[in-house]
>>> print(open('my_file_2.cif').read())   # mmCIF, C-alpha atoms
data_work
#
loop_
_atom_site.label_atom_id
_atom_site.label_comp_id
_atom_site.auth_asym_id
_atom_site.auth_seq_id
_atom_site.Cartn_x
_atom_site.Cartn_y
_atom_site.Cartn_z
CA MET A 1 -9.15 -10.02 41.19
CA LYS A 2 -10.72 -6.68 40.32
CA VAL A 3 -11.39 -3.89 42.79
CA LEU A 4 -13.73 -0.94 42.29
CA ILE A 5 -12.27 2.56 42.70
CA VAL A 6 -14.81 5.35 43.29
CA ASN A 7 -13.58 8.94 43.26
CA GLN A 8 -14.93 12.01 45.05
CA SER A 9 -17.27 13.26 42.34
CA GLU A 10 -18.71 9.78 41.76
CA VAL A 11 -19.59 9.35 45.45
CA GLY A 12 -22.06 12.22 45.26
CA GLN A 13 -23.73 10.67 42.20
CA LEU A 14 -24.01 7.24 43.79
CA LEU A 15 -25.12 8.23 47.31
CA PRO A 16 -28.16 10.54 47.22
CA MET A 17 -28.90 12.14 50.59
CA ARG A 18 -32.36 10.62 51.03
CA GLU A 19 -31.07 7.11 50.32
CA CYS A 20 -28.15 7.65 52.68
CA ILE A 21 -30.51 8.74 55.47
CA GLU A 22 -32.33 5.40 55.29
CA ALA A 23 -29.03 3.49 55.15
CA MET A 24 -27.82 5.31 58.27
CA ALA A 25 -31.03 4.48 60.15
CA GLU A 26 -30.53 0.81 59.32
CA ALA A 27 -26.86 0.89 60.36
CA LEU A 28 -27.61 2.58 63.69
CA ALA A 29 -30.41 0.12 64.42
CA ALA A 30 -28.08 -2.80 63.70
CA THR A 31 -25.52 -1.29 66.08
CA ALA A 32 -28.13 -0.91 68.83
CA ARG A 33 -29.15 -4.56 68.36
CA GLY A 34 -25.55 -5.63 69.01
CA GLU A 35 -24.98 -6.94 65.50
CA VAL A 36 -21.84 -4.89 64.84
CA VAL A 37 -18.21 -5.29 65.96
CA LEU A 38 -17.03 -1.72 66.32
CA PRO A 39 -13.65 -1.05 67.99
CA LEU A 40 -12.90 2.46 69.11
CA ARG A 41 -11.12 4.47 66.44
CA GLN A 42 -7.34 4.68 66.62
CA VAL A 43 -6.07 8.22 66.26
CA THR A 44 -2.45 9.29 65.83
CA ILE A 45 -1.93 12.99 66.57
CA LEU A 46 0.87 14.52 64.54
CA PRO A 47 3.58 16.65 66.19
CA GLY A 48 2.48 20.18 66.91
CA ASN A 49 -1.14 19.10 66.71
CA ARG A 50 -1.10 19.99 63.01
CA GLY A 51 -3.28 17.05 62.04
CA ALA A 52 -4.21 13.46 62.77
CA LEU A 53 -4.34 10.03 61.17
CA ALA A 54 -7.38 7.96 62.12
CA SER A 55 -8.32 4.34 61.47
CA MET A 56 -11.89 3.07 61.97
CA PRO A 57 -12.54 -0.67 61.42
CA VAL A 58 -15.91 -2.45 61.53
CA PHE A 59 -17.56 -5.82 60.95
CA ALA A 60 -21.31 -6.03 60.49
CA GLY A 61 -22.60 -9.53 59.87
CA THR A 62 -26.19 -8.54 59.17
CA LEU A 63 -25.00 -5.88 56.74
CA GLY A 64 -22.74 -8.48 55.12
CA GLY A 65 -19.51 -6.54 55.14
CA ILE A 66 -16.16 -5.69 56.65
CA GLY A 67 -14.71 -2.24 56.27
CA VAL A 68 -12.17 0.24 57.47
CA LYS A 69 -11.89 3.97 56.97
CA VAL A 70 -8.42 5.52 57.06
CA ILE A 71 -8.33 9.29 56.98
CA THR A 72 -6.20 12.28 57.75
CA VAL A 73 -7.78 15.24 59.53
CA PHE A 74 -6.14 18.61 58.90
CA PRO A 75 -8.44 21.39 60.20
CA ARG A 76 -6.14 24.06 58.76
CA ASN A 77 -7.22 22.97 55.28
CA SER A 78 -10.49 24.83 55.85
CA GLY A 79 -10.79 27.55 53.24
CA THR A 80 -8.16 26.00 50.96
CA ALA A 81 -8.49 23.77 47.90
CA LEU A 82 -8.19 20.69 50.13
CA ASP A 83 -10.80 19.16 52.42
CA ALA A 84 -10.06 18.86 56.14
CA HIS A 85 -10.88 15.13 55.91
CA GLN A 86 -9.07 13.04 53.27
CA GLY A 87 -8.60 9.33 52.83
CA ALA A 88 -10.33 6.15 51.74
CA VAL A 89 -12.92 3.63 52.87
CA LEU A 90 -12.05 0.02 52.07
CA LEU A 91 -14.89 -2.46 51.61
CA PHE A 92 -14.26 -6.19 52.03
CA ASP A 93 -16.50 -9.18 51.42
CA ALA A 94 -17.48 -10.72 54.77
CA GLU A 95 -17.60 -14.27 53.38
CA ARG A 96 -14.14 -14.56 51.80
CA GLY A 97 -12.35 -11.42 52.96
CA SER A 98 -11.77 -10.15 49.44
CA LEU A 99 -11.21 -6.45 48.90
CA GLN A 100 -14.17 -5.14 46.87
CA ALA A 101 -13.88 -1.36 46.74
CA ILE A 102 -11.75 1.67 47.57
CA VAL A 103 -13.91 4.77 47.93
CA ASP A 104 -13.05 8.42 48.53
CA ALA A 105 -13.59 8.97 52.28
CA GLY A 106 -13.98 12.72 52.25
CA GLU A 107 -17.24 12.79 50.34
CA VAL A 108 -18.55 9.67 52.09
CA THR A 109 -17.92 11.36 55.44
CA ALA A 110 -19.57 14.58 54.27
CA ILE A 111 -22.76 12.85 53.17
CA ARG A 112 -23.15 10.13 55.79
CA THR A 113 -22.43 12.48 58.72
CA ALA A 114 -25.19 14.83 57.63
CA ALA A 115 -27.48 11.89 56.96
CA VAL A 116 -27.02 10.70 60.56
CA SER A 117 -27.91 14.19 61.78
CA ALA A 118 -31.03 13.93 59.63
CA VAL A 119 -31.92 10.64 61.33
CA ALA A 120 -31.43 12.33 64.71
CA THR A 121 -33.53 15.31 63.64
CA ARG A 122 -36.30 13.07 62.40
CA ALA A 123 -36.29 11.16 65.70
CA LEU A 124 -35.76 14.00 68.19
CA ALA A 125 -36.67 17.42 66.79
CA ARG A 126 -40.16 18.81 67.08
CA ALA A 127 -42.34 17.98 64.09
CA ASP A 128 -42.76 21.69 63.35
CA ALA A 129 -39.05 22.55 63.67
CA GLY A 130 -38.05 24.65 60.68
CA ASP A 131 -36.06 27.66 61.86
CA LEU A 132 -32.57 26.38 61.04
CA ALA A 133 -29.26 27.79 62.28
CA ILE A 134 -25.98 26.42 60.97
CA LEU A 135 -22.76 27.31 62.77
CA GLY A 136 -19.96 26.70 60.31
CA SER A 137 -19.59 27.17 56.56
CA GLY A 138 -17.51 24.26 55.30
CA VAL A 139 -18.33 20.95 53.63
CA GLN A 140 -20.47 19.74 56.53
CA ALA A 141 -22.49 22.95 56.45
CA ARG A 142 -23.39 22.22 52.83
CA THR A 143 -24.41 18.61 53.39
CA HIS A 144 -26.23 19.40 56.64
CA LEU A 145 -28.31 21.98 54.83
CA ASP A 146 -29.29 19.30 52.31
CA ALA A 147 -30.01 16.81 55.10
CA MET A 148 -32.20 19.17 57.11
CA LEU A 149 -34.20 20.07 54.00
CA ALA A 150 -34.78 16.34 53.47
CA VAL A 151 -36.44 15.72 56.86
CA ARG A 152 -38.10 18.99 57.87
CA THR A 153 -39.97 21.81 56.17
CA ILE A 154 -37.43 24.61 56.58
CA ARG A 155 -38.89 28.10 56.67
CA ARG A 156 -35.75 30.06 57.59
CA VAL A 157 -31.97 29.45 57.32
CA ARG A 158 -29.32 31.45 59.15
CA VAL A 159 -25.58 30.82 58.91
CA TRP A 160 -22.64 32.01 60.99
CA SER A 161 -18.98 31.28 60.54
CA PRO A 162 -15.96 32.53 62.49
CA THR A 163 -14.55 33.67 59.14
CA ALA A 164 -16.88 36.21 57.55
CA ALA A 165 -15.50 35.67 54.03
CA HIS A 166 -16.23 31.93 54.25
CA ARG A 167 -19.73 32.66 55.57
CA ASP A 168 -20.52 35.06 52.74
CA ALA A 169 -19.17 32.68 50.09
CA PHE A 170 -21.28 29.87 51.53
CA VAL A 171 -24.43 31.98 51.57
CA ALA A 172 -23.96 33.11 47.95
CA ARG A 173 -23.11 29.64 46.66
CA GLU A 174 -25.79 27.67 48.48
CA SER A 175 -28.52 30.24 47.85
CA ARG A 176 -27.87 29.85 44.12
CA ARG A 177 -27.62 26.06 44.26
CA LEU A 178 -30.82 25.51 46.22
CA GLY A 179 -32.84 28.55 45.20
CA ILE A 180 -33.57 29.53 48.81
CA ALA A 181 -32.88 32.56 50.99
CA ILE A 182 -30.00 32.11 53.44
CA GLU A 183 -29.23 34.84 55.96
CA PRO A 184 -25.59 35.58 56.92
CA MET A 185 -25.32 36.39 60.62
CA ALA A 186 -22.67 38.45 62.37
CA SER A 187 -22.57 36.29 65.50
CA ALA A 188 -23.37 32.77 66.62
CA GLN A 189 -25.79 34.18 69.18
CA SER A 190 -27.80 36.05 66.56
CA ALA A 191 -27.80 32.97 64.32
CA VAL A 192 -29.39 30.70 66.94
CA ALA A 193 -31.79 33.22 68.53
CA LYS A 194 -35.21 31.50 68.67
CA ALA A 195 -33.99 28.77 66.30
CA ASP A 196 -35.61 25.37 66.85
CA LEU A 197 -33.07 23.42 64.77
CA ILE A 198 -29.32 24.00 65.17
CA CYS A 199 -26.35 22.25 63.55
CA THR A 200 -22.83 22.97 64.83
CA VAL A 201 -20.34 21.96 62.15
CA THR A 202 -17.24 24.00 62.95
CA SER A 203 -13.61 23.11 63.56
CA ALA A 204 -13.66 25.07 66.84
CA ARG A 205 -11.83 23.74 69.87
CA GLU A 206 -13.74 25.98 72.30
CA PRO A 207 -17.51 26.49 72.59
CA VAL A 208 -19.30 28.40 69.85
CA LEU A 209 -22.80 27.59 71.18
CA ARG A 210 -23.89 28.55 74.69
CA GLY A 211 -26.76 27.09 76.65
CA LYS A 212 -28.20 30.46 77.61
CA TRP A 213 -28.86 31.14 73.91
CA LEU A 214 -30.97 28.02 73.34
CA ALA A 215 -34.71 28.47 72.92
CA ALA A 216 -37.14 26.09 74.58
CA GLY A 217 -37.91 23.15 72.33
CA ALA A 218 -34.74 23.45 70.24
CA HIS A 219 -32.92 20.45 68.84
CA VAL A 220 -29.13 20.55 68.38
CA ASN A 221 -26.96 18.34 66.19
CA ALA A 222 -23.40 18.75 67.53
CA VAL A 223 -21.03 17.47 64.86
CA GLY A 224 -17.77 19.39 64.53
CA ALA A 225 -15.74 18.30 67.57
CA SER A 226 -14.60 14.67 67.49
CA VAL A 227 -11.81 14.44 70.09
CA LYS A 228 -11.93 14.58 73.87
CA THR A 229 -10.05 17.88 74.12
CA SER A 230 -12.36 19.90 71.84
CA ARG A 231 -15.98 20.98 72.09
CA GLU A 232 -18.46 23.22 70.31
CA LEU A 233 -21.02 23.48 73.13
CA ASP A 234 -20.49 24.99 76.56
CA THR A 235 -21.29 23.04 79.70
CA GLU A 236 -24.67 24.71 80.20
CA ALA A 237 -25.85 23.72 76.73
CA VAL A 238 -25.08 20.07 77.43
CA ARG A 239 -26.40 20.14 80.99
CA LYS A 240 -29.81 21.58 80.07
CA ALA A 241 -30.42 19.21 77.14
CA ARG A 242 -31.69 15.66 76.88
CA LEU A 243 -28.55 14.10 75.41
CA PHE A 244 -28.35 11.31 72.83
CA VAL A 245 -25.25 9.89 71.13
CA ASP A 246 -24.43 7.70 68.16
CA ARG A 247 -22.64 5.25 70.47
CA ARG A 248 -22.29 5.46 74.21
CA GLU A 249 -18.81 3.88 74.42
CA SER A 250 -17.42 6.25 71.81
CA ALA A 251 -18.95 9.31 73.47
CA LEU A 252 -17.52 8.41 76.86
CA HIS A 253 -14.03 8.00 75.41
CA GLU A 254 -13.84 10.56 72.62
CA ALA A 255 -16.43 13.36 72.87
CA GLY A 256 -15.13 16.56 74.44
CA ASP A 257 -18.68 17.93 74.39
CA VAL A 258 -19.53 15.20 76.91
CA LEU A 259 -16.24 14.59 78.71
CA ILE A 260 -15.44 18.20 79.59
CA PRO A 261 -18.79 18.88 81.35
CA LYS A 262 -18.36 15.51 83.06
CA ALA A 263 -14.88 16.48 84.30
CA GLU A 264 -16.37 19.71 85.64
CA GLY A 265 -18.92 17.71 87.63
CA ALA A 266 -21.88 19.17 85.74
CA ILE A 267 -23.07 15.82 84.38
CA THR A 268 -22.50 12.10 84.90
CA ASP A 269 -22.56 9.18 82.47
CA ASP A 270 -26.28 8.85 83.14
CA HIS A 271 -26.87 12.19 81.43
CA ILE A 272 -26.80 10.22 78.16
CA TRP A 273 -30.41 9.13 77.68
CA GLY A 274 -29.56 6.63 74.98
CA GLU A 275 -28.02 5.86 71.63
CA LEU A 276 -29.76 7.06 68.49
CA GLY A 277 -30.23 3.45 67.42
CA ASP A 278 -32.14 2.78 70.63
CA VAL A 279 -34.54 5.61 69.81
CA ILE A 280 -35.03 4.21 66.31
CA LEU A 281 -35.86 0.78 67.76
CA GLY A 282 -38.14 2.27 70.42
CA THR A 283 -36.07 0.91 73.31
CA ALA A 284 -35.11 4.40 74.53
CA PRO A 285 -37.41 7.42 74.86
CA GLY A 286 -36.86 10.34 72.55
CA ARG A 287 -38.08 13.87 73.10
CA GLY A 288 -40.01 14.23 76.35
CA SER A 289 -41.98 17.42 75.63
CA VAL A 290 -42.32 20.25 73.13
CA GLU A 291 -40.44 22.57 75.51
CA GLU A 292 -37.48 20.27 76.07
CA VAL A 293 -34.09 20.91 74.46
CA THR A 294 -32.70 17.80 72.76
CA LEU A 295 -29.07 17.27 71.79
CA PHE A 296 -27.52 14.69 69.49
CA LYS A 297 -23.75 14.40 69.84
CA SER A 298 -22.31 12.89 66.68
CA LEU A 299 -18.83 11.39 66.53
CA GLY A 300 -19.18 9.29 63.38
CA LEU A 301 -19.03 5.50 63.35
CA ALA A 302 -17.29 3.11 60.97
CA VAL A 303 -20.57 1.21 60.54
CA GLU A 304 -21.98 4.36 58.94
CA ASP A 305 -19.10 4.37 56.43
CA LEU A 306 -19.63 0.67 55.77
CA ALA A 307 -23.34 1.07 55.10
CA ALA A 308 -22.71 4.06 52.83
CA VAL A 309 -19.98 2.33 50.83
CA GLN A 310 -22.09 -0.80 50.39
CA ARG A 311 -24.78 1.39 48.78
CA ILE A 312 -22.14 3.05 46.61
CA TYR A 313 -20.70 -0.32 45.54
CA GLN A 314 -24.06 -1.73 44.46
CA ALA A 315 -25.07 1.49 42.69
CA ALA A 316 -21.73 1.71 40.86
CA ARG A 317 -22.13 -1.82 39.53
CA THR A 318 -25.67 -1.10 38.41
CA ARG A 319 -24.89 2.22 36.76
CA GLY A 320 -21.44 1.39 35.38
CA LEU A 321 -19.63 4.12 37.31
CA GLY A 322 -16.25 3.90 38.99
CA THR A 323 -13.07 2.28 37.73
CA TRP A 324 -12.23 -1.40 38.03
CA VAL A 325 -8.54 -2.29 38.50
CA GLU A 326 -6.62 -5.51 38.91
CA PHE A 327 -5.45 -5.54 42.51
CA GLY A 328 -4.50 -9.08 43.47
CA GLY A 329 -6.02 -11.18 46.22
CA GLY A 330 -5.99 -14.36 44.21
CA ARG A 331 -4.21 -17.47 45.36
CA HIS A 332 -0.44 -17.71 44.80
CA GLU A 333 0.61 -21.11 43.44
CA THR A 334 3.71 -22.54 45.10
CA ASP A 335 6.31 -24.89 43.67
#
>>> encode(input="my_file_2.cif", output="structure tokens")
Amino acid sequence: MKVLIVNQSEVGQLLPMRECIEAMAEALAATARGEVVLPLRQVTILPGNRGALASMPVFAGTLGGIGVKVITVFPRNSGTALDAHQGAVLLFDAERGSLQAIVDAGEVTAIRTAAVSAVATRALARADAGDLAILGSGVQARTHLDAMLAVRTIRRVRVWSPTAAHRDAFVARESRRLGIAIEPMASAQSAVAKADLICTVTSAREPVLRGKWLAAGAHVNAVGASVKTSRELDTEAVRKARLFVDRRESALHEAGDVLIPKAEGAITDDHIWGELGDVILGTAPGRGSVEEVTLFKSLGLAVEDLAAVQRIYQAARTRGLGTWVEFGGGRHETD
């Protein structure tokens, strides 16, 4: 049997941001309808906390697929030639269990994560939100800039990074690529001042965004922290916001941005207003007023990877991209 291999550069060609945004909305709606089997991710922390190995399986009958993402997460790769997230997404046929594709996970994660933030922004941010602040300057900063431009009319972009050299390189590179003005900011506070759309995409373990800095009516996509011991937002930022998550069970087991304020007694489980899929389906309220601060806490779900890789698989077959290899899976004859 033949299996499709899709490398990092091909993923970007086969998964345009706008198409991925619609695929993520469909995947999140399917999850909210209870059509997805989605175990919690299994994470193995390496000695000395130098990195982690994570496995994220999923079955989605209505999407017609089985998948698993296996990645390593090495935050110290930031600023080097290697991505912090590396690995592969495996796509299997749900009818026969055959392996169909092996796809670079780093670029899939980069695009689909930002696309989910775009879905959240479309559902929760004010219609006139366009003063964008990005905290972070890595891969997710790049794809989040693309995603925000896809769903809102952006009139201003400010960027802060804890490493000034990375910030300046990002500003120069992305300004040229997109033909827009991007302002480098000396502090996170100055970056978010009066911003109505904020994306936190750092590898920070302690808060980089504080509630007292948030303007009325702001929407925040909190993306960078994905384990229960790390957070990008302080307790006040979470407490004052109407909070939505990609999946309630995951947030209550894995999200430090939620679990740390809960441990401090500042919030309870009921502080989560709903899952993003519920808002899409209209079974949970979204933004309550123009003055309200809304917060989407993203952890990343395997169903998002599955939906993205299914799009990639179909597009690769149509366009003749990727590499097909003999991989086995056929029946072994016995004597």
>>> resolve_selection(input="my_file_2.cif", expression="the PyMOL selection byres ((chain A and resi 269) around 10)", output="list of chain:residue names")
A:Arg248, A:Ala251, A:Leu252, A:Val258, A:Leu259, A:Lys262, A:Ile267, A:Thr268, A:Asp270, A:His271, A:Ile272, A:Trp273
>>> atom_distance(input="my_file_2.cif", atom1="atom CA of A:Trp213", atom2="atom CA of A:Asp168")
23.1 Å
>>> atom_distance(input="my_file_2.cif", atom1="atom CA of A:Ala308", atom2="atom CA of A:Leu99")
16.1 Å
>>> closest_residue(input="my_file_2.cif", among="A:Trp324, A:Ala172, A:Ala114, A:Asp278", to="A:Met24", atoms="all atoms listed in the file")
A:Ala114
>>> atom_distance(input="my_file_2.cif", atom1="atom CA of A:Ala129", atom2="atom CA of A:Ala115")
17.1 Å
>>> closest_residue(input="my_file_2.cif", among="A:Ala215, A:Gly277, A:Ala195, A:Lys69", to="A:Gly34", atoms="only C-alpha atoms")
A:Gly277
>>> closest_residue(input="my_file_2.cif", among="A:Arg18, A:Leu135, A:Ala120, A:Thr163", to="A:Ser78", atoms="only C-alpha atoms")
A:Thr163
>>> residues_around(input="my_file_2.cif", residues="A:Tyr313", least_positions_apart="3", cutoff="9 Å", atoms="only C-alpha atoms", output="list in words")
Leu4, Val6, Leu14, Leu91, Gln100, Ala101, Val103, Ala308, Val309, Gln310, Ala316, Arg317, Thr318 and Gly322 of chain A
>>> closest_residue(input="my_file_2.cif", among="A:Leu178, A:Val36, A:Ile198, A:Met185", to="A:Ala60", atoms="all atoms listed in the file")
A:Val36
>>> residues_around(input="my_file_2.cif", residues="A:Asn49", least_positions_apart="3", cutoff="12 Å", atoms="all atoms listed in the file", output="PyMOL selection string")
chain A and resi 43-46+52-53+73-76+229
